[in-house]
Structure formats: structure tokens, C-alpha cells
Amino acid sequence: MSSGSFLKRARDRLTHKRSIGFGLEYIGLATLRFPRLVALAVLAFSILAFSQIPRANVDGDLLRVYAHSGPYYDAYEHLSDTFGTFENDIYILVNSERLVDPEIIEQIRFLAFDLELDDYAVGTMSPFTLRRPVPGGGSIPAVPEGMLTPDEVAFTLMDLQQNDPMMGNLITPDLSGIVIIVFPDQARVRADGAAALIASLRETIAPYQSEDLQIELTGPPIWTTEMLNASVADQVKFTVWGFALGALIALFALRSFFGALIVAATPFLAVMWAMGMILLFFGSFTFLTIIVTTLVLVIAFAESMFFVFNWLAFWRDGMEPNKAVDATVKLVGPAAALTMLTTFVSFASLALTPGQGIREFSAAGALGTSLLFVCLMTFLPLLLKLAIRLGFRPPPKNSRVLTAPLPFAWMLASRYGRPVSVIAIIVTLLLIVPYVLIKPHFSFEDFLAKDSLALSTAVDIDEGVGGVAPLYIRVPLLGDDPNIGAVDFEKVRTVHQILEGHLGVNKVISAASLTSYTDSGFSRQEVFDSVGPFMRQRFVTEDGAQALVTGFMPTIIESDVLKQLVDDLNAEMAAAGITDAEIGGFRILTTFATDDIVRGLQLDLTLSVIINLALIGFAFQSFRVALASAIPNLFPVLGTEAWLYFSGEGLQLTTVMALTIAFGIAVDDTVHFLSHYLHARRDEGMGHLDAVRHTLHRIGGAIVATTIILCAGVIIVVFSELPQVALFGTLFVSTLAFALIGDLFILPALLAAGGRFFHPLGRIGVRMADEDPTPDDPLADTHTTGENRQPARTPH
């Protein structure tokens with residue numbers, strides 16, 4: 001064979017002498033040829049996946065989403081490594097109408113001491129831990145023991161509140177509440193888990209709860225634990241209800257109990273495979289990757305329904321049932337492979353945006369999509385042949401409810417195809433405007449569980465002391481003096497005053513907060529020694545190279561307000577000649593990094609759309625087909641983004657992810673429609689309009705059924721306890737519902753109105769039961785081959 005001939009064959013194989021599934025359907029053909037071997041492989045892989053399920057757990061660490069996401073995460077990590085932060089602290093709000101009663105204040109003192117001795121605490125900060133320096137060295141408690149009258153208690157607390165910035169953030173103005181901050185032992189918490197920490201603290205405070213003392217916990221560890229609990233509840237709810245809804249819809253569509261079981265078996269196994277492999281590779285789920293199992297479940301239901309619909313259609317039209325399975329593998333397999341690739345591209349495109357959580361979601365989704373396709377091409381054909389052997393009989397024809405919209409869809413396409421197409425194109429083009437204008441939006445409380453008691457406690461703290469959410473400014477020093485020299489102290493004081501000008505008096509702590517003591521004649525060293533080594537490191541590093549200025553904001557603060565605050569702080573520090581100070585903290589990280597991530601995801605969505613449309617065009621070897629698929633699939637995505645824009649919701653993390661994945665899945669029905677349309681044109685010799693009508697009636701019911709399954713399966717996500725996850729479900733369902741309109745009404749109208757434009761069919765073939773038979777193909781002897789072979793018609 002000449003090199004030219006070889007290159008021509010290779011080029012032909014890459015271009016038109018291949019299936020639209022790029023040969024991936026050979027997994028299904030291998031199942032038909034080697035059923036026992038494939039069955040053993042399926043069994044072995046299932047055992048591996050099921051062996052991982054007992055390890056199932058959900059990591060509720062929100063920081064995992066932002067890890068390695070860029071400069072804001074790097075700044076946060078540097079800040080944490082240098083000073084430690086208040087981000088992992090637990091805030092305990094103690095309320096009492098009799099707070100100034102000497103007996104009550106002593107009970108709270110004992111509570112503070114017991115909390116400090118808790119096995120999971122390395123220290124606490126409260127009015128009872130604060131000590132004041134005394135002349136001659138040493139220190140005394142800022143809240144003396146043994147006070148005798150309410151007036152004496154009130155005077156002491158008011159003095160601390162007004163003159164000590166740290167205590168101003170821990171004592172409510174009306175003297176009805178005190179905040180105790182617990183500093184957890186991070187090594188032990190990492191070993192035992194945040195739940196053990198919280199349980200230990202609740203056990204410590206339980207004896208103090210009474211009518212006179214109301215004690216509540218809040219803070220990031222509480223929030224993440226609530227998120228974790230909500231995620232676990234979601235996992236159970238999504239899997240059970242998604243599976244149940246899919247099975248019920250399959251039962252309604254097929255009107256056969258055993259038929260519904262057959263449809264449901266593949267999604268069940270695909271979810272188990274996906275869960276097992278996610279746990280194997282990532283060790284745990286996150287509140288993002290947990291969504292992947294639901295997506296795998298509903299996509300598997302949709303593809304399984306398509307497969308079974310076609311199998312039953314061949315069988316009802318007279319084909320021997322085992323050969324109908326083989327025919328379905330060869331007809332549906334390539335289209336299923338292409339739909340898998342479009343969904344895979346949508347998931348994979350997300351990996352272009354930095355952030356560990358986003359990339360894990362991307363990888364988990366791509367992995368789950370691949371496993372789903374393998375399960376469809378191996379397990380389902382084997383299951384169908386087993387069902388036939390066990391005596392399964394085809395159920396009656398599909399429910400008329402599924403085919404009810406089809407006559408109207410055909411009427412629109414055949415009579416009003418051109419105006420429908422023009423309107424669809426104009427509307428889609430107009431929807432690009434809000435797509436360009438929409439901006440990122442971040443709301444911290446949207447990451448927390450609904451009706452979060454910890455969040456409501458944080459709001460109470462906000463209302464009482466003005467907030468305890470920290471904002472940090474790291475200030476490099478020149479003197480390398482652990483007690484901060486005069487020049488460096490002025491720099492710290494300047495930053496302190498700038499931050500205090502925005503957050504309010506006594507809302508900032510730093511070395512400059514201690515001037516009330518230094519003005520009384522104490523040296524900074526004496527003051528630092530009086531607060532102890534644990535608190536000292538919150539002001540300055542041991543080597544004196546860096547100082548920390550900490551401001552306290554409300555827990556609930558709009559992202560736009562926070563971004564403006566940071567811009568103003570940077571501008572004022574620059575005007576004061578301080579250009580090397582760095583603003584950081586978890587709230588800064590989540591707000592600014594979310595902007596970057598969302599903008600990256602928006603580009604990923606655009607790239608996913610372009611690549612998937614190009615992939616469809618290349619798969620069918622026809623740019624006309626790609627154009628036909630563009631409007632029906634752009635319309636739902638752009639329409640959903642337009643709703644977000646006009647409603648003021650903006651773009652959030654799960655918003656763009658939902659749109660990207662929904663687009664990849666919405667393309668699936670379009671691929672199946674175009675695959676059947678081209679097969680009717682090429683292999684059955686139908687005219688253009690006849691092929692459109694035949695395809696609409698042939699798989700229109702399956703499109704309706706699969707969309708109902710996808711929407712019903714994902715709609716349970718709308719009821720998630722986590723607002724971000726609930727938003728994902730809402731947008732996903734709305735996008736798929738719009739996609740049904742696109743595939744059922746817009747796509748047929750575009751094809752019908754296109755007329756001559758769609759007459760050229762390109763060169764790619766759509767494989768069918770009688771095409772390219774494999775060795776030992778049970779269908780090979782049912783058709784003629786060679787030059788005299790005539791195209792076989794799909795049964796009507």
C-alpha cells in the first residue's frame with residue numbers, strides 16, 4: 001500500500017468514513033460481540049465502585065472552593081501562615097437581662113474559664129481574659145472578681161466598652177450581652193472534625209443554659225458544619241427522590257412496571273459508579289461535587305429512556321427483539337457518544353478557571369459523564385437481552401401525553417416555519433445584550449444553610465456590637481522590633497486610623513489600640529506582656545517584621561459595599577504613602593475571588609458553546625447542521641441569563657456552572673433529532689420536509705419524556721437547604737425547559753424554513769443496524785452487502 005493511499009484512508013477515516021460518535025459506540029459493539037467478557041468487566045468495576053461507598057463523606061470546607069484560585073487566595077494563605085486569623089474562631093453570644101447582676105457576671109466568668117479549659121480550645125478572648133498592666137510590672141484582671149453591686153459591674157463593663165477597642169467588640173452597648181471568642185486547636189479539629197469541636201463546646205455550655213442565660217454559638221466552623229449537614233441531607237434526598245421520580249416518569253411513559261425497572265437500572269448503576277470513583281479519586285464530596293451524582297442520575301435516565309424507546313420501536317415494528325437491541329446500539333450509540341462528548345466538553349471547560357473546588361467539580365462531572373456512557377453501552381444492552389430471555393414482552397405504545405405537543409409542533413414548522421425562525425433568531429440575538437452586560441454577584445449568606453441558627457446568631461452579634469467578621473491589613477515593618485519602634489508604630493497607627501474611619505470607633509484592633517495604656521506610662525513591651533503571647537501574635541510577628549491591623553465588620557455585608565470599602569482603603573493608604581500594606585481575610589477572598597472565578601466561568605460557558613457547536617458540525621461534517629443547532633441551544637441559555645440580569649440576581653458561582661452544564665445536556669436532544677433527521681434523508685431516501693416530520697414523530701415523544709425526567713430529577717435540587725445549590729437546580733430546570741421549546745418547536749421550524757439551505761447533507765454517515773456490520777454480527781445476514789445493497793428503512 002502506498003503512503004498516499006494510507007494517508008487518504010486515514011484522512012477519510014477522520015473526516016467522513018466514521019460515525020458521528022467518532023467510533024466510541026464500538027464499546028457497545030464490543031458488548032454485542034463479547035457479552036460474557038463485558039459482563040465480567042461490568043461486575044468487576046461495579047464491585048470496585050461499591051467498595052468505595054462506605055467511605056462516603058462530604059467536606060463542608062468552603063475554602064476548598066477557592067483554594068489555588070489566584071492572588072486573593074495566596075494573600076489569604078500568607079496571612080494565615082504569618083499571623084493565624086480569626087476565621088476559624090467560634091463566637092459564643094451570651095445574653096441576659098440581668099447581665100450586670102454580680103451573680104450572673106460570675107456565672108459568665110466561670111463559663112469563660114470552662115471554655116478556655118475545653119479539650120478543643122487553645123485559648124479564649126472575653127472581658128474575663130483581658131488583663132491590665134500595673135505599675136511595677138505584672139497585670140490584673142480587667143473585670144475584677146467579687147464585685148458586689150450591679151452599679152459596680154455596669155461601671156466596669158462600660159469602662160471596658162468605651163476605652164478598650166477589643167472589648168468594644170465583645171460587650172453590647174445596652175449591657176445585655178457578652179461575646180466570648182474561642183480559639184480552637186486546629187490540629188485536633190483537623191484530626192477529629194469540626195463536629196467533635198462543636199459537640200464538646202455545647203457540652204461545656206449546657207450546664208450554664210438557664211432562664212437567666214441564653215447562649216448561642218456561631219462562627220465559620222458552625223457555618224461549615226451546617227453546610228456539611230445540609231449537603232449530606234441533600235445527597236440522600238437527591239439520590240432517593242431523583243431515582244424515584246425518574247422511575248415513576250418511566251412507568252408513566254412506558255406504561256410497564258418491568259419496563260420502568262429496566263430504564264431505572266442503568267441510572268442506578270451509573271450513579272454508583274460515579275460515586276465510587278469520585279470517592280476513590282477525591283476522597284470526599286464537596287457541596288459542588290455532590291451535585292454531580294444528581295446530574296449523572298438524570299442524564300442516565302434520559303439516555304436510558306432514549307435507548308429503550310428506540311428498542312421498543314424496532315421490536316413493535318416487527319424486528320426480532322435481540323436484533324432490535326443490536327440495531328438500537330448501532331443507531332443510538334453514535335448519537336449517545338456525541339451527546340456524551342458535548343456534556344464532557346461542558347464539564348471539562350470549567351477546569352480552565354482556577355480554584356480547587358471548580359476543578360474538582362469539572363473533573364468529577366467529566367468522569368461521571370464518561371462512566372455514564374460506558375454504563376449505557378455495556379450494562380443496558382446486556383440487561384435488555386437478559387430481560388428478553390426472562391420473558392419480557394413489549395408494553396403498549398407510549399403514553400399519548402408525550403406525543404400531544406407533536407402535531408402542534410409540526411403545524412408550526414410546516415405552515416409558519418419562516419416567521420417562527422425569524423422571531424427565534426431575532427430574540428436570540430437580542431438576548432446577547434444582557435449576556436454581555438450581566439455582572440458577577442456574591443452573597444456570603446447564600447453559601448450557608450437556610451434557616452441557619454448560627455447565621456441568625458451572627459446577625460444578633462452584628463446588631464449588638466456591630467459585627468465580628470474580620471478584615472485584615474498586613475503592614476510590613478522596617479525596624480524588626482518585636483515591640484514596634486516609633487517609626488513603624490506611626491505607620492501602624494495611620495493604617496489603624498484609616499480603617500477606623502470606615503468601620504467606626506473601637507471597631508479596629510492593633511498595636512495602636514493600646515495607647516490608653518501607653519499614655520498612662522506603660523511601655524509597649526509591658527502592654528504586650530500583659531495581653532500574653534497568644535494575643536500578642538495578633539498584633540505583631542515575633543521577629544517584628546510585620547504588624548496586623550484587624551477591623552470588625554458586620555457578618556452580612558453586600559459584596560459591592562465590601563469591594564468599594566477595599567478600594568477606598570487602598571486609595572487612602574496610598575495617599576498616606578503606604579503602598580506595601582495588604583488587605584486580606586476570608587471575606588475579601590470570597591468576594592474578590594468569586595468575581596474572578598465567575599468571570600472565568602462566563603468565558604468557559606462561551607468557549608463551551610463554541611466548541612460544542614463546532615463539535616456537532618465536525619461530527620456531522622456539515623456547518624449547516626451546526627447552524628441549525630445553534631439557535632435552539634443558545635436561546636435557553638441566553639434567556640435564563642437575561643432573567644438573571646433583569647431580576648438583579650447577577651452571576652454567581654453555581655449560576656454559570658448550571659448554565660454551562662445545562663447547555664451541554666440540552667444539546668443532547670438536538671443531536672438525537674439531527675441524527676434521526678440525517679438518517680431519514682440519507683439512508684431512507686426521504687425528502688427534506690418528510691424527514692423533518694418523520695423525525696419529529698419518531699423521537700418527539702422521547703424528547704418530551706427525557707426533558708420531563710431531567711427536569712423532574714433536578715427539580716428536587718431546588719429544595720436544597722443550601723441556597724447556592726438550590727439556585728443551581730432552579731436555573732438548570734428553567735434552561736432545560738426552554739431547551740424543550742427549542743428542540744420541539746424552533747429546530748423543526750428552522751429546518752423546514754431552511755429549505756434548500758439544508759438540502760446538502762455533507763459526507764458523514766449515521767450508522768444504523770445494517771451498516772458496517774461487525775464480525776459475527778447477528779444482523780449481518782439480514783441485509784445484502786456490496787454495491788447492490790439498498791438503504792434499509794427504519795421501521796415506521
# chains A, B, ... in the order shown; residues from 1 in each chain; ligands from 1
>>> residues_around(residues="Phe442 of chain A", least_positions_apart="4", cutoff="10 Å", atoms="only C-alpha atoms", output="tab-separated table (two decimals) with N, CA and C atoms, in the first residue's frame")
chain	number	residue	atom	x	y	z
A	446	ASP	N	-25.57	33.21	51.07
A	446	ASP	CA	-26.09	32.22	50.13
A	446	ASP	C	-25.33	30.90	50.20
A	447	PHE	N	-24.15	30.93	50.80
A	447	PHE	CA	-23.39	29.69	50.96
A	447	PHE	C	-23.80	28.93	52.22
A	558	GLU	N	-23.01	43.48	51.80
A	558	GLU	CA	-23.12	43.29	50.35
A	558	GLU	C	-21.73	43.32	49.70
A	559	SER	N	-21.58	42.50	48.68
A	559	SER	CA	-20.27	42.41	48.02
A	559	SER	C	-19.85	43.73	47.41
A	560	ASP	N	-20.80	44.48	46.85
A	560	ASP	CA	-20.45	45.77	46.24
A	560	ASP	C	-19.96	46.75	47.30
A	590	THR	N	-13.38	35.58	49.44
A	590	THR	CA	-14.60	35.07	48.80
A	590	THR	C	-15.23	36.10	47.88
A	591	THR	N	-15.17	37.37	48.25
A	591	THR	CA	-15.81	38.39	47.43
A	591	THR	C	-15.03	38.65	46.13
A	592	PHE	N	-13.73	38.90	46.25
A	592	PHE	CA	-12.95	39.25	45.06
A	592	PHE	C	-12.64	38.01	44.21
A	593	ALA	N	-12.32	36.90	44.85
A	593	ALA	CA	-12.02	35.69	44.08
A	593	ALA	C	-13.26	35.19	43.36
A	594	THR	N	-14.44	35.37	43.98
A	594	THR	CA	-15.67	34.97	43.30
A	594	THR	C	-15.85	35.75	42.02
A	595	ASP	N	-15.55	37.05	42.06
A	595	ASP	CA	-15.62	37.86	40.83
A	595	ASP	C	-14.75	37.26	39.74
A	598	VAL	N	-16.12	33.80	38.62
A	598	VAL	CA	-17.35	33.90	37.83
A	598	VAL	C	-17.05	34.43	36.43
A	649	GLU	N	-30.32	39.42	40.00
A	649	GLU	CA	-29.61	38.33	40.69
A	649	GLU	C	-28.12	38.33	40.37
A	650	GLY	N	-27.78	38.68	39.14
A	650	GLY	CA	-26.37	38.66	38.75
A	650	GLY	C	-25.84	37.25	38.60
A	651	LEU	N	-24.56	37.15	38.28
A	651	LEU	CA	-23.91	35.85	38.09
A	651	LEU	C	-23.25	35.41	39.38
A	652	GLN	N	-23.51	34.18	39.77
A	652	GLN	CA	-22.87	33.61	40.93
A	652	GLN	C	-22.16	32.33	40.50
A	653	LEU	N	-21.42	31.73	41.43
A	653	LEU	CA	-20.66	30.52	41.09
A	653	LEU	C	-21.54	29.46	40.46
>>> residues_around(residues="Val725 of chain A", least_positions_apart="6", cutoff="10 Å", atoms="only C-alpha atoms", output="compact mmCIF listing (two decimals) with N, CA and C atoms, in the first residue's frame")
# COMPACT_ATOMS: atom_id res chain seq x y z
N SER A 231 -25.50 19.28 53.13
CA SER A 231 -25.01 18.56 51.96
C SER A 231 -25.31 17.06 52.08
N ASP A 234 -28.87 16.59 51.48
CA ASP A 234 -29.11 16.73 50.05
C ASP A 234 -28.74 15.47 49.30
N PHE A 287 -19.76 20.44 48.49
CA PHE A 287 -21.13 20.85 48.21
C PHE A 287 -21.34 21.11 46.71
N LEU A 288 -20.24 21.12 45.93
CA LEU A 288 -20.35 21.22 44.47
C LEU A 288 -20.36 19.84 43.82
N ILE A 290 -21.15 17.09 44.97
CA ILE A 290 -22.30 16.29 45.33
C ILE A 290 -23.42 16.43 44.30
N ILE A 291 -23.41 17.57 43.57
CA ILE A 291 -24.42 17.79 42.53
C ILE A 291 -24.20 16.84 41.36
N ASP A 446 -25.57 33.21 51.07
CA ASP A 446 -26.09 32.22 50.13
C ASP A 446 -25.33 30.90 50.20
N PHE A 447 -24.15 30.93 50.80
CA PHE A 447 -23.39 29.69 50.96
C PHE A 447 -23.80 28.93 52.22
N LEU A 653 -21.42 31.73 41.43
CA LEU A 653 -20.66 30.52 41.09
C LEU A 653 -21.54 29.46 40.46
N THR A 654 -22.58 29.07 41.18
CA THR A 654 -23.41 27.97 40.68
C THR A 654 -24.28 28.39 39.50
N THR A 655 -24.50 29.71 39.35
CA THR A 655 -25.28 30.21 38.22
C THR A 655 -24.62 29.82 36.90
N ALA A 658 -24.34 26.05 36.34
CA ALA A 658 -25.62 25.47 35.94
C ALA A 658 -25.88 25.70 34.46
N VAL A 717 -33.38 19.43 43.51
CA VAL A 717 -32.26 20.25 43.95
C VAL A 717 -32.73 21.63 44.38
N VAL A 718 -33.84 22.08 43.81
CA VAL A 718 -34.39 23.40 44.15
C VAL A 718 -34.71 23.48 45.64
N PHE A 719 -34.98 22.34 46.26
CA PHE A 719 -35.37 22.32 47.67
C PHE A 719 -34.18 22.08 48.60
>>> closest_residue(among="A:Gly754, A:Gly70, A:Pro354, A:Gly504", to="Arg418 of chain A", atoms="only C-alpha atoms")
A:Gly754
>>> closest_residue(among="A:Phe307, A:Tyr91, A:Phe623, A:Tyr76", to="Ile703 of chain A", atoms="only C-alpha atoms")
A:Phe307
>>> select_by_dssp(residues="segment 74-133 of chain A", states="helix (DSSP H, G or I)", output="ChimeraX atom specification")
/A:74-83,102-116
>>> residues_around(residues="segment 77-79 of chain A", least_positions_apart="3", cutoff="10 Å", atoms="only C-alpha atoms", output="MDAnalysis selection string")
chainID A and resid 67:68 71:74 82:85 472:474 548 582:586 589
>>> closest_atom_pairs(of="segment 703-725 of chain A", to="segment 662-681 of chain A", cutoff="12 Å", atoms="only C-alpha atoms", output="Markdown table")
| residue | atom | partner | partner_atom | distance |
| --- | --- | --- | --- | --- |
| A:Ile703 | CA | A:Asp669 | CA | 6.2 |
| A:Val704 | CA | A:Asp669 | CA | 9.5 |
| A:Ala705 | CA | A:Asp669 | CA | 10.8 |
| A:Thr706 | CA | A:Asp669 | CA | 8.5 |
| A:Thr707 | CA | A:Asp669 | CA | 8.6 |
| A:Leu710 | CA | A:Ile665 | CA | 9.3 |
| A:Cys711 | CA | A:Ala662 | CA | 10.6 |
| A:Val714 | CA | A:Ala662 | CA | 10.8 |
>>> closest_residue(among="A:Leu29, A:Leu350, A:Ile716, A:Leu744", to="Ala327 of chain A", atoms="only C-alpha atoms")
A:Leu29
>>> residues_around(residues="Ala469 of chain A", least_positions_apart="4", cutoff="6 Å", atoms="only C-alpha atoms", output="number ranges by chain")
A: 552-555
>>> closest_residue(among="A:Ala512, A:Glu203, A:Leu696, A:Phe347", to="Thr660 of chain A", atoms="only C-alpha atoms")
A:Phe347
>>> residues_around(residues="Glu97 of chain A", least_positions_apart="3", cutoff="9 Å", atoms="only C-alpha atoms", output="mmCIF file with N, CA and C atoms, in the first residue's frame")
data_model
loop_
_atom_site.group_PDB
_atom_site.id
_atom_site.type_symbol
_atom_site.label_atom_id
_atom_site.label_comp_id
_atom_site.auth_asym_id
_atom_site.auth_seq_id
_atom_site.Cartn_x
_atom_site.Cartn_y
_atom_site.Cartn_z
ATOM 1 N N VAL A 100 -25.707 42.643 84.499
ATOM 2 C CA VAL A 100 -24.916 43.403 85.469
ATOM 3 C C VAL A 100 -25.116 42.906 86.899
ATOM 4 N N LEU A 175 -25.478 46.595 77.516
ATOM 5 C CA LEU A 175 -25.008 45.729 78.600
ATOM 6 C C LEU A 175 -25.938 44.537 78.826
ATOM 7 N N SER A 176 -26.440 43.990 77.715
ATOM 8 C CA SER A 176 -27.299 42.804 77.829
ATOM 9 C C SER A 176 -26.641 41.559 77.247
ATOM 10 N N GLY A 177 -25.458 41.713 76.654
ATOM 11 C CA GLY A 177 -24.818 40.565 76.042
ATOM 12 C C GLY A 177 -23.304 40.676 76.019
ATOM 13 N N ASP A 212 -31.974 32.750 82.881
ATOM 14 C CA ASP A 212 -31.198 33.989 83.005
ATOM 15 C C ASP A 212 -30.088 34.105 81.964
ATOM 16 N N LEU A 213 -29.639 32.982 81.419
ATOM 17 C CA LEU A 213 -28.548 32.982 80.442
ATOM 18 C C LEU A 213 -28.979 32.259 79.170
#
>>> residues_around(residues="Arg693 of chain A", least_positions_apart="3", cutoff="9 Å", atoms="only C-alpha atoms", output="list in words")
Trp410, Ala413, Ser414, Tyr677, His688, Leu689, Asp690, Leu696, His697, Arg698 and Pro748 of chain A
>>> residues_around(residues="Pro184 of chain A", least_positions_apart="6", cutoff="6 Å", atoms="only C-alpha atoms", output="list in words")
Tyr120, Ala121 and Val122 of chain A
>>> closest_residue(among="A:Thr124, A:Leu93, A:Gly485, A:Ile278", to="Glu360 of chain A", atoms="only C-alpha atoms")
A:Ile278
>>> closest_residue(among="A:Gly276, A:Gly23, A:Pro54, A:Pro394", to="Asp317 of chain A", atoms="only C-alpha atoms")
A:Pro394
>>> closest_atom_pairs(of="segment 275-355 of chain A", to="segment 731-743 of chain A", cutoff="12 Å", atoms="only C-alpha atoms", output="JSON lines")
{"residue": "A:Ile291", "atom": "CA", "partner": "A:Phe732", "partner_atom": "CA", "distance": 11.5}
{"residue": "A:Thr294", "atom": "CA", "partner": "A:Phe732", "partner_atom": "CA", "distance": 11.7}
{"residue": "A:Leu295", "atom": "CA", "partner": "A:Phe732", "partner_atom": "CA", "distance": 10.0}
{"residue": "A:Val298", "atom": "CA", "partner": "A:Val733", "partner_atom": "CA", "distance": 11.5}
{"residue": "A:Ile299", "atom": "CA", "partner": "A:Leu736", "partner_atom": "CA", "distance": 11.8}
>>> atom_distance(atom1="atom CA of Glu542 of chain A", atom2="atom CA of Ile181 of chain A")
22.9 Å
>>> closest_atom_pairs(of="segment 552-613 of chain A", to="segment 628-640 of chain A", cutoff="12 Å", atoms="only C-alpha atoms", output="CSV")
residue,atom,partner,partner_atom,distance
A:Gln602,CA,A:Val637,CA,11.7
A:Leu605,CA,A:Val637,CA,9.6
A:Thr606,CA,A:Leu634,CA,10.2
A:Ser608,CA,A:Leu634,CA,11.3
A:Val609,CA,A:Leu634,CA,7.9
A:Ile610,CA,A:Ala630,CA,9.3
A:Ile611,CA,A:Ala630,CA,11.5
A:Asn612,CA,A:Ala630,CA,9.6
A:Leu613,CA,A:Ala630,CA,6.6
>>> write_last_selection(atoms="N, CA and C atoms", output="PDB file, in the first residue's frame")
ATOM      1  N   GLN A 602     -17.777  32.469  33.036  1.00  0.00           N
ATOM      2  CA  GLN A 602     -18.533  33.046  31.931  1.00  0.00           C
ATOM      3  C   GLN A 602     -17.790  32.828  30.611  1.00  0.00           C
ATOM      4  N   LEU A 605     -18.212  29.227  29.698  1.00  0.00           N
ATOM      5  CA  LEU A 605     -19.508  28.983  29.080  1.00  0.00           C
ATOM      6  C   LEU A 605     -19.473  29.353  27.601  1.00  0.00           C
ATOM      7  N   THR A 606     -18.904  30.518  27.300  1.00  0.00           N
ATOM      8  CA  THR A 606     -18.795  30.937  25.900  1.00  0.00           C
ATOM      9  C   THR A 606     -17.967  29.948  25.103  1.00  0.00           C
ATOM     10  N   SER A 608     -17.444  26.799  25.841  1.00  0.00           N
ATOM     11  CA  SER A 608     -18.180  25.533  25.748  1.00  0.00           C
ATOM     12  C   SER A 608     -19.198  25.574  24.619  1.00  0.00           C
ATOM     13  N   VAL A 609     -19.897  26.705  24.492  1.00  0.00           N
ATOM     14  CA  VAL A 609     -20.885  26.847  23.418  1.00  0.00           C
ATOM     15  C   VAL A 609     -20.207  26.747  22.052  1.00  0.00           C
ATOM     16  N   ILE A 610     -19.109  27.476  21.885  1.00  0.00           N
ATOM     17  CA  ILE A 610     -18.411  27.484  20.593  1.00  0.00           C
ATOM     18  C   ILE A 610     -17.881  26.092  20.256  1.00  0.00           C
ATOM     19  N   ILE A 611     -17.222  25.455  21.225  1.00  0.00           N
ATOM     20  CA  ILE A 611     -16.628  24.136  20.967  1.00  0.00           C
ATOM     21  C   ILE A 611     -17.711  23.105  20.680  1.00  0.00           C
ATOM     22  N   ASN A 612     -18.793  23.137  21.441  1.00  0.00           N
ATOM     23  CA  ASN A 612     -19.839  22.132  21.231  1.00  0.00           C
ATOM     24  C   ASN A 612     -20.532  22.298  19.883  1.00  0.00           C
ATOM     25  N   LEU A 613     -20.786  23.542  19.481  1.00  0.00           N
ATOM     26  CA  LEU A 613     -21.388  23.753  18.157  1.00  0.00           C
ATOM     27  C   LEU A 613     -20.412  23.323  17.059  1.00  0.00           C
TER      28      LEU A 613
END
>>> atom_distance(atom1="atom CA of Gly700 of chain A", atom2="atom CA of Leu406 of chain A")
6.6 Å
>>> atom_distance(atom1="atom CA of Pro127 of chain A", atom2="atom CA of Lys491 of chain A")
28.2 Å
